[in-house]
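Data file: final_27.tsv. Format and content: TSV, C-alpha atoms and all ligand atoms.
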```
chain	number	residue	atom	x	y	z
A	1	MET	CA	-235.55	11.66	1.04
A	2	ARG	CA	-232.30	10.40	2.48
A	3	ILE	CA	-231.70	11.40	6.10
A	4	ARG	CA	-228.44	11.17	8.02
A	5	VAL	CA	-227.95	12.18	11.63
A	6	LEU	CA	-224.54	13.87	11.80
A	7	GLY	CA	-224.93	14.83	15.45
A	8	ALA	CA	-227.51	13.79	18.03
A	9	ALA	CA	-226.45	15.64	21.18
A	10	ALA	CA	-227.68	18.90	22.65
A	11	GLY	CA	-225.37	21.87	23.27
A	12	GLY	CA	-222.10	20.78	24.84
A	13	GLY	CA	-222.10	17.39	23.09
A	14	PHE	CA	-221.59	14.05	24.79
A	15	PRO	CA	-219.38	13.86	26.73
A	16	GLN	CA	-219.24	17.59	27.45
A	17	TRP	CA	-215.72	18.92	28.01
A	18	ASN	CA	-216.32	20.19	31.55
A	19	CYS	CA	-218.86	17.61	32.71
A	20	GLY	CA	-218.29	14.73	35.06
A	21	CYS	CA	-221.92	13.60	35.33
A	22	PRO	CA	-222.58	9.83	35.43
A	23	ASN	CA	-223.27	9.63	31.66
A	24	CYS	CA	-220.17	11.62	30.70
A	25	ARG	CA	-218.00	9.51	33.02
A	26	LYS	CA	-219.42	6.34	31.46
A	27	ALA	CA	-218.73	7.66	27.95
A	28	ARG	CA	-215.11	8.44	28.82
A	29	ALA	CA	-214.69	5.03	30.40
A	30	GLY	CA	-215.77	3.40	27.14
A	31	SER	CA	-218.93	1.80	28.52
A	32	PRO	CA	-220.81	-0.14	25.83
A	33	GLU	CA	-224.08	1.21	27.23
A	34	VAL	CA	-223.48	4.76	26.01
A	35	VAL	CA	-222.24	6.21	22.73
A	36	ALA	CA	-220.48	9.57	22.48
A	37	SER	CA	-222.16	12.04	20.15
A	38	THR	CA	-221.56	15.41	18.58
A	39	GLN	CA	-223.93	18.37	18.70
A	40	GLU	CA	-227.16	18.18	16.79
A	41	CYS	CA	-227.10	18.37	13.00
A	42	VAL	CA	-229.04	16.38	10.39
A	43	ALA	CA	-228.28	16.16	6.67
A	44	LEU	CA	-231.00	15.43	4.15
A	45	SER	CA	-231.30	15.10	0.41
A	46	ALA	CA	-234.09	14.37	-2.02
A	47	ASP	CA	-231.79	13.34	-4.88
A	48	GLY	CA	-228.57	12.23	-3.15
A	49	ALA	CA	-226.65	15.02	-4.92
A	50	ARG	CA	-227.77	18.26	-3.27
A	51	TRP	CA	-227.82	18.19	0.52
A	52	PHE	CA	-229.35	20.40	3.16
A	53	LEU	CA	-228.10	20.64	6.71
A	54	LEU	CA	-230.53	21.21	9.54
A	55	ASN	CA	-228.51	23.44	11.86
A	56	ALA	CA	-224.80	24.26	11.85
A	57	SER	CA	-223.18	22.83	14.94
A	58	PRO	CA	-219.76	23.86	16.31
A	59	GLU	CA	-218.59	20.42	15.12
A	60	ILE	CA	-219.63	20.94	11.52
A	61	ARG	CA	-216.20	20.30	10.01
A	62	SER	CA	-215.81	16.82	11.47
A	63	GLN	CA	-219.49	16.11	10.78
A	64	ILE	CA	-219.06	16.92	7.08
A	65	GLU	CA	-215.93	14.78	6.94
A	66	SER	CA	-217.80	11.89	8.59
A	67	PHE	CA	-220.20	11.56	5.66
A	68	PRO	CA	-218.70	11.18	2.13
A	69	PRO	CA	-221.82	12.45	0.25
A	70	LEU	CA	-220.99	15.88	1.75
A	71	HIS	CA	-217.44	15.92	0.40
A	72	PRO	CA	-216.45	18.19	-2.53
A	73	ARG	CA	-216.49	16.71	-6.04
A	74	GLN	CA	-214.24	19.33	-7.58
A	75	PRO	CA	-211.19	21.28	-6.32
A	76	ARG	CA	-213.54	23.91	-4.88
A	77	HIS	CA	-217.06	22.62	-4.38
A	78	SER	CA	-219.63	21.60	-1.81
A	79	PRO	CA	-222.75	19.46	-2.24
A	80	ILE	CA	-224.30	21.45	0.63
A	81	ALA	CA	-227.05	23.42	-1.11
A	82	GLY	CA	-228.42	25.06	1.99
A	83	ILE	CA	-228.31	25.24	5.76
A	84	VAL	CA	-231.47	25.63	7.82
A	85	LEU	CA	-231.28	27.22	11.26
A	86	THR	CA	-234.07	26.35	13.69
A	87	ASN	CA	-232.87	28.85	16.28
A	88	GLY	CA	-229.89	31.09	17.00
A	89	ASP	CA	-228.39	29.16	19.91
A	90	LEU	CA	-224.68	28.67	19.37
A	91	ASP	CA	-224.98	24.87	19.23
A	92	HIS	CA	-227.25	25.41	16.20
A	93	SER	CA	-225.47	28.26	14.44
A	94	LEU	CA	-221.82	28.63	15.44
A	95	GLY	CA	-220.73	26.21	12.71
A	96	LEU	CA	-221.59	28.81	10.07
A	97	LEU	CA	-218.43	30.70	11.04
A	98	SER	CA	-216.40	27.55	10.40
A	99	LEU	CA	-217.59	27.55	6.78
A	100	ARG	CA	-215.75	30.77	6.02
A	101	GLU	CA	-213.45	29.50	3.27
A	102	SER	CA	-214.94	31.69	0.53
A	103	GLN	CA	-217.69	29.23	-0.38
A	104	PRO	CA	-221.07	30.81	-1.17
A	105	LEU	CA	-223.61	29.66	1.40
A	106	VAL	CA	-227.40	29.66	1.39
A	107	VAL	CA	-228.93	29.89	4.86
A	108	TYR	CA	-232.61	29.50	5.65
A	109	ALA	CA	-233.71	31.22	8.85
A	110	THR	CA	-236.37	33.48	10.29
A	111	ASP	CA	-235.68	37.21	10.41
A	112	ALA	CA	-235.23	36.97	14.20
A	113	VAL	CA	-232.56	34.28	13.90
A	114	ARG	CA	-230.79	36.08	11.03
A	115	ARG	CA	-230.69	39.37	12.93
A	116	GLY	CA	-229.50	37.66	16.10
A	117	PHE	CA	-226.57	36.12	14.23
A	118	THR	CA	-225.57	39.01	11.98
A	119	GLU	CA	-226.25	42.23	13.89
A	120	GLY	CA	-223.54	43.51	16.19
A	121	ASN	CA	-221.47	40.39	15.54
A	122	VAL	CA	-218.01	41.43	14.38
A	123	LEU	CA	-217.12	37.79	13.67
A	124	TYR	CA	-219.89	37.66	11.06
A	125	ARG	CA	-217.69	39.89	8.88
A	126	THR	CA	-215.74	36.74	7.97
A	127	LEU	CA	-218.83	35.67	6.01
A	128	GLU	CA	-219.06	39.07	4.30
A	129	ARG	CA	-215.75	38.95	2.46
A	130	PHE	CA	-217.39	39.19	-0.96
A	131	PRO	CA	-220.89	40.00	-2.22
A	132	GLY	CA	-223.12	36.95	-2.15
A	133	GLN	CA	-220.98	34.94	0.27
A	134	VAL	CA	-224.12	34.25	2.32
A	135	THR	CA	-227.60	34.36	0.85
A	136	TRP	CA	-230.19	34.45	3.62
A	137	LYS	CA	-233.57	33.07	2.71
A	138	ASN	CA	-236.77	33.14	4.65
A	139	PHE	CA	-239.00	30.11	4.91
A	140	ASP	CA	-241.58	31.54	2.52
A	141	SER	CA	-239.18	30.54	-0.28
A	142	GLY	CA	-240.81	27.13	-0.14
A	143	PHE	CA	-238.06	24.67	0.76
A	144	CYS	CA	-239.78	23.81	3.98
A	145	GLN	CA	-242.44	25.14	6.29
A	146	ALA	CA	-241.38	26.71	9.59
A	147	ILE	CA	-243.68	26.44	12.58
A	148	PRO	CA	-243.03	28.74	15.56
A	149	ALA	CA	-242.14	26.68	18.62
A	150	PRO	CA	-242.06	27.93	22.22
A	151	GLY	CA	-238.52	29.18	22.69
A	152	LYS	CA	-236.39	31.95	24.05
A	153	PRO	CA	-233.58	34.14	22.75
A	154	PRO	CA	-230.11	32.55	22.70
A	155	VAL	CA	-228.32	32.90	26.06
A	156	HIS	CA	-225.83	35.40	24.58
A	157	LEU	CA	-228.72	37.65	23.48
A	158	GLU	CA	-230.74	37.49	26.69
A	159	GLY	CA	-231.60	41.01	27.80
A	160	ARG	CA	-230.73	42.42	24.36
A	161	ALA	CA	-233.29	40.92	22.00
A	162	ALA	CA	-237.01	41.09	22.61
A	163	SER	CA	-238.82	37.78	22.50
A	164	ASP	CA	-240.00	37.00	18.96
A	165	PRO	CA	-242.18	34.16	17.66
A	166	GLY	CA	-239.50	33.47	15.04
A	167	GLU	CA	-236.73	32.89	17.57
A	168	ASN	CA	-237.31	29.12	17.54
A	169	VAL	CA	-239.07	27.03	14.92
A	170	GLY	CA	-239.95	23.48	14.07
A	171	LEU	CA	-239.90	22.35	10.43
A	172	LEU	CA	-242.22	20.38	8.21
A	173	ILE	CA	-240.34	19.13	5.15
A	174	HIS	CA	-242.20	17.65	2.24
A	175	ASP	CA	-240.55	15.40	-0.34
A	176	ARG	CA	-242.64	15.93	-3.44
A	177	ALA	CA	-241.31	12.81	-5.19
A	178	THR	CA	-241.98	10.30	-2.42
A	179	LYS	CA	-244.82	12.34	-0.90
A	180	LYS	CA	-243.29	11.75	2.54
A	181	ARG	CA	-243.12	14.36	5.27
A	182	LEU	CA	-240.51	14.89	7.95
A	183	ALA	CA	-241.31	16.94	11.07
A	184	TYR	CA	-238.27	18.35	12.80
A	185	CYS	CA	-238.72	19.83	16.28
A	186	CYS	CA	-235.34	19.60	17.97
A	187	ALA	CA	-236.09	22.25	20.61
A	188	GLY	CA	-239.32	23.46	22.11
A	189	GLY	CA	-240.68	24.49	25.47
A	190	GLY	CA	-244.03	22.94	24.63
A	191	ILE	CA	-246.18	21.53	21.85
A	192	THR	CA	-248.50	24.06	20.25
A	193	PRO	CA	-251.56	22.94	18.25
A	194	ALA	CA	-249.70	23.89	15.02
A	195	MET	CA	-246.70	21.79	16.03
A	196	ARG	CA	-248.98	18.90	16.92
A	197	ALA	CA	-250.76	19.15	13.57
A	198	ALA	CA	-247.41	19.10	11.73
A	199	ILE	CA	-246.20	16.10	13.73
A	200	ASP	CA	-249.43	14.23	13.09
A	201	ARG	CA	-249.05	14.84	9.33
A	202	ALA	CA	-245.49	13.53	9.30
A	203	ASP	CA	-244.22	10.10	8.38
A	204	CYS	CA	-241.32	10.66	10.75
A	205	VAL	CA	-240.70	13.13	13.56
A	206	PHE	CA	-237.48	14.18	15.23
A	207	PHE	CA	-238.36	15.66	18.61
A	208	ASP	CA	-236.66	17.52	21.47
A	209	GLY	CA	-234.96	14.94	23.69
A	210	THR	CA	-232.84	17.41	25.65
A	211	PHE	CA	-233.91	16.51	29.17
A	212	TRP	CA	-235.69	13.54	30.69
A	213	SER	CA	-236.97	15.53	33.67
A	214	SER	CA	-237.58	19.18	34.53
A	215	ASP	CA	-235.09	19.24	37.39
A	216	GLU	CA	-232.40	17.10	35.74
A	217	LEU	CA	-229.59	19.66	36.07
A	218	ILE	CA	-230.71	20.72	39.54
A	219	ALA	CA	-230.84	17.13	40.84
A	220	LEU	CA	-227.32	16.45	39.52
A	221	GLY	CA	-226.02	19.65	41.11
A	222	LEU	CA	-225.06	21.02	37.69
A	223	GLY	CA	-227.29	24.07	37.45
A	224	THR	CA	-230.25	25.98	38.76
A	225	LYS	CA	-232.50	26.08	35.71
A	226	ARG	CA	-235.38	23.76	35.01
A	227	ALA	CA	-235.83	22.28	31.54
A	228	GLU	CA	-238.75	24.64	30.91
A	229	ASP	CA	-236.58	27.66	31.83
A	230	MET	CA	-234.39	26.68	28.89
A	231	ALA	CA	-237.40	26.21	26.57
A	232	HIS	CA	-237.28	22.42	26.54
A	233	ILE	CA	-240.27	20.25	27.35
A	234	PRO	CA	-238.93	17.24	29.27
A	235	VAL	CA	-239.37	13.74	27.84
A	236	GLY	CA	-240.59	11.94	30.96
A	237	GLY	CA	-243.13	12.59	33.68
A	238	ALA	CA	-246.59	14.14	33.70
A	239	GLY	CA	-246.87	16.61	30.83
A	240	GLY	CA	-243.67	15.33	29.22
A	241	SER	CA	-243.42	14.69	25.50
A	242	LEU	CA	-243.67	10.90	25.84
A	243	GLU	CA	-247.10	11.38	27.34
A	244	ALA	CA	-248.11	14.32	25.14
A	245	LEU	CA	-247.21	12.53	21.89
A	246	LYS	CA	-248.47	9.11	22.96
A	247	ASN	CA	-251.16	9.06	20.28
A	248	THR	CA	-249.38	10.93	17.52
A	249	LYS	CA	-250.05	9.67	14.02
A	250	ALA	CA	-246.37	10.06	13.04
A	251	LYS	CA	-245.18	6.60	12.07
A	252	ARG	CA	-241.59	6.93	13.19
A	253	LYS	CA	-240.58	8.88	16.30
A	254	ILE	CA	-237.00	9.79	17.15
A	255	TYR	CA	-235.59	11.80	20.05
A	256	ILE	CA	-232.69	14.07	19.12
A	257	HIS	CA	-230.79	17.01	20.69
A	258	ILE	CA	-230.19	14.89	23.78
A	259	ASN	CA	-228.33	16.48	26.65
A	260	ASN	CA	-225.40	14.55	28.10
A	261	THR	CA	-227.20	14.34	31.46
A	262	ASN	CA	-230.27	12.60	30.02
A	263	PRO	CA	-230.65	8.97	31.18
A	264	LEU	CA	-232.09	8.22	27.71
A	265	LEU	CA	-228.46	8.03	26.54
A	266	ASP	CA	-227.81	5.01	28.76
A	267	ARG	CA	-229.11	1.89	27.06
A	268	GLY	CA	-229.23	0.14	30.41
A	269	SER	CA	-231.49	2.74	32.05
A	270	PRO	CA	-235.20	2.28	32.81
A	271	GLU	CA	-235.84	5.60	31.04
A	272	HIS	CA	-234.27	4.29	27.81
A	273	ARG	CA	-236.41	1.16	28.01
A	274	GLN	CA	-239.53	3.21	28.73
A	275	ALA	CA	-239.03	5.38	25.65
A	276	GLU	CA	-238.34	2.38	23.43
A	277	ALA	CA	-241.38	0.57	24.79
A	278	ALA	CA	-243.44	3.62	23.77
A	279	GLY	CA	-242.16	3.30	20.20
A	280	TRP	CA	-239.43	5.96	20.28
A	281	GLU	CA	-235.93	5.66	18.87
A	282	ILE	CA	-232.97	7.53	20.27
A	283	ALA	CA	-230.91	9.29	17.59
A	284	HIS	CA	-227.18	8.62	17.38
A	285	ASP	CA	-224.41	9.97	15.19
A	286	GLY	CA	-224.39	8.06	11.91
A	287	MET	CA	-228.06	7.02	12.04
A	288	GLU	CA	-229.31	6.94	8.46
A	289	PHE	CA	-232.55	6.04	6.69
A	290	SER	CA	-234.75	7.00	3.78
A	291	LEU	CA	-238.29	8.31	3.78
B	301	ZN	ZN	-229.61	23.42	21.09
B	302	ZN	ZN	-222.37	15.20	31.50
```
Since I need it in another form, could you write the structure as structure tokens?
Amino acid sequence: MRIRVLGAAAGGGFPQWNCGCPNCRKARAGSPEVVASTQECVALSADGARWFLLNASPEIRSQIESFPPLHPRQPRHSPIAGIVLTNGDLDHSLGLLSLRESQPLVVYATDAVRRGFTEGNVLYRTLERFPGQVTWKNFDSGFCQAIPAPGKPPVHLEGRAASDPGENVGLLIHDRATKKRLAYCCAGGGITPAMRAAIDRADCVFFDGTFWSSDELIALGLGTKRAEDMAHIPVGGAGGSLEALKNTKAKRKIYIHINNTNPLLDRGSPEHRQAEAAGWEIAHDGMEFSL
């Protein structure tokens, strides 16, 4: 399985257009200690010919252009065989609307995520221009296993959609040829026993690196919500994912979906060194490897 990180940042990207936090200022100043990144999306392929995208970020067009294996091989063609949505937040799904150029799409999502994107959304009509433009598939079709992860409805659906165990999922992807497993948990307010079991079975795990600390946005004066209020377990501190996954059996551990405020993004920070010392890698745009 070939794996390419097209985007490593959480919603807003890095730097974020309206953010003047220390990391974003450093990125704009061209500091060698930080690297700008687009919003989270990972491409993977078992055969190098057919590719799947994990999530559809608002930056999907430039992300596809950044990676030649995703370019068309005929006048009208795409090697993208499917797109998997792990939740309905706009940083994970808005890119679907940018793929409206009459190309049939296959989208894997839970019923809750599909409904949240398609119902009452007049813009979705751009993906209904002809029968079969989008084929929605549930996870029981076998491509990968979805594991409910503690989440919440997307901000734009708060107060409209009831909470649903399918609103946010992690993935366990099995390459039958190499017998390798990838666990993909880019967002989660905690680690359930099922998530932990999937991570422990994996050869590689991508995990939620949104925030280093619970009060990261509050301490920077950027917001009032704690990480947990936004369904993200912080990386650092007591009860954080570094501690919780200390003894995981996953051989390779990578933080992804990293918010622009997270000190993990600064290679010179003690937090970055602490994560690396614990065996974690920090995803960046263009990171590529095989499993
Ligand atoms: Zn997100
Ligand atoms: Zn920022």
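Between atom CA of A:Arg267 and atom CA of A:Leu44 the interatomic distance comes to 26.7 Å.
One distance worth recording is that between atom CA of A:Gly48 and atom CA of A:Ser98, which is 23.8 Å.
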Note to self: Could you list, as a PyMOL selection string, every residue within 7 Å of A:Gly151, counting only C-alpha atoms and ignoring same-chain residues fewer than 3 positions away?
What the structure shows: chain A and resi 167-168+188-189+231
Name the residues, by chain letter and number, that sit within 7 Å of ligand ZN 301 (chain B) using all atoms listed in the file, and give them as a ChimeraX atom specification. /A:10-11,89,91-92,187,257
Please identify the residues whose atoms come within 7 Å of ligand ZN 302 (chain B), using only C-alpha atoms and all ligand atoms, and report them as a list in words.
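After applying the 7 Å limit, what remains is Phe14, Pro15, Gln16, Cys19, Gly20, Cys21, Pro22, Asn23, Cys24, Asn260 and Thr261 of chain A.
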Given all atoms listed in the file as the counted atoms, nearest of A:Leu245, A:Ala194, A:Ile80, A:Ala250 to A:Val169
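That would be A:Ala194, the residue with the smallest distance to A:Val169.
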Between A:Phe207, A:Val5, A:Pro131, A:Arg252, single out the one closest to A:Lys180, counting all atoms listed in the file.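 Looking only at the distances to A:Lys180, the closest residue turns out to be A:Arg252.
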Some atoms are absent from stretch 219-236 of chain A, so rebuild N, CA, C and O atoms and return them as a CSV table (one decimal), in the coordinates of the input.
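What follows is the written file selection-v7.csv:
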```
chain,number,residue,atom,x,y,z
A,219,ALA,N,-231.0,18.4,40.1
A,219,ALA,CA,-230.8,17.1,40.8
A,219,ALA,C,-229.4,16.6,40.8
A,219,ALA,O,-228.9,16.0,41.7
A,220,LEU,N,-228.7,16.9,39.7
A,220,LEU,CA,-227.3,16.4,39.5
A,220,LEU,C,-226.3,17.5,40.1
A,220,LEU,O,-225.1,17.3,40.1
A,221,GLY,N,-226.9,18.6,40.6
A,221,GLY,CA,-226.0,19.6,41.1
A,221,GLY,C,-225.3,20.4,40.0
A,221,GLY,O,-224.2,21.0,40.3
A,222,LEU,N,-225.8,20.4,38.8
A,222,LEU,CA,-225.1,21.0,37.7
A,222,LEU,C,-225.6,22.4,37.3
A,222,LEU,O,-225.0,23.0,36.4
A,223,GLY,N,-226.7,22.8,37.9
A,223,GLY,CA,-227.3,24.1,37.4
A,223,GLY,C,-228.5,24.4,38.3
A,223,GLY,O,-229.0,23.6,39.1
A,224,THR,N,-229.1,25.5,38.0
A,224,THR,CA,-230.2,26.0,38.8
A,224,THR,C,-231.5,26.1,37.9
A,224,THR,O,-232.6,26.3,38.4
A,225,LYS,N,-231.4,25.9,36.6
A,225,LYS,CA,-232.5,26.1,35.7
A,225,LYS,C,-233.2,24.8,35.5
A,225,LYS,O,-232.6,23.7,35.3
A,226,ARG,N,-234.6,24.9,35.4
A,226,ARG,CA,-235.4,23.8,35.0
A,226,ARG,C,-235.4,23.7,33.5
A,226,ARG,O,-235.1,24.6,32.8
A,227,ALA,N,-235.8,22.5,33.0
A,227,ALA,CA,-235.8,22.3,31.5
A,227,ALA,C,-236.7,23.4,30.9
A,227,ALA,O,-236.3,23.9,29.9
A,228,GLU,N,-237.8,23.7,31.5
A,228,GLU,CA,-238.8,24.6,30.9
A,228,GLU,C,-238.1,26.0,30.9
A,228,GLU,O,-238.4,26.8,30.0
A,229,ASP,N,-237.3,26.4,31.8
A,229,ASP,CA,-236.6,27.7,31.8
A,229,ASP,C,-235.7,27.8,30.6
A,229,ASP,O,-235.4,28.9,30.2
A,230,MET,N,-235.3,26.7,30.1
A,230,MET,CA,-234.4,26.7,28.9
A,230,MET,C,-235.2,26.4,27.6
A,230,MET,O,-234.6,26.1,26.6
A,231,ALA,N,-236.5,26.4,27.7
A,231,ALA,CA,-237.4,26.2,26.6
A,231,ALA,C,-237.3,24.8,26.0
A,231,ALA,O,-237.2,24.6,24.8
A,232,HIS,N,-237.2,23.8,26.9
A,232,HIS,CA,-237.3,22.4,26.5
A,232,HIS,C,-238.3,21.7,27.3
A,232,HIS,O,-238.3,21.7,28.6
A,233,ILE,N,-239.3,21.1,26.7
A,233,ILE,CA,-240.3,20.2,27.4
A,233,ILE,C,-239.5,18.9,27.7
A,233,ILE,O,-238.9,18.4,26.9
A,234,PRO,N,-239.6,18.5,29.0
A,234,PRO,CA,-238.9,17.2,29.3
A,234,PRO,C,-239.6,16.0,28.6
A,234,PRO,O,-240.7,16.1,28.1
A,235,VAL,N,-238.8,15.0,28.5
A,235,VAL,CA,-239.4,13.7,27.8
A,235,VAL,C,-240.3,13.0,28.8
A,235,VAL,O,-241.4,12.6,28.4
A,236,GLY,N,-239.9,12.8,30.0
A,236,GLY,CA,-240.6,11.9,31.0
A,236,GLY,C,-241.5,12.7,31.8
A,236,GLY,O,-241.6,13.9,31.8
```
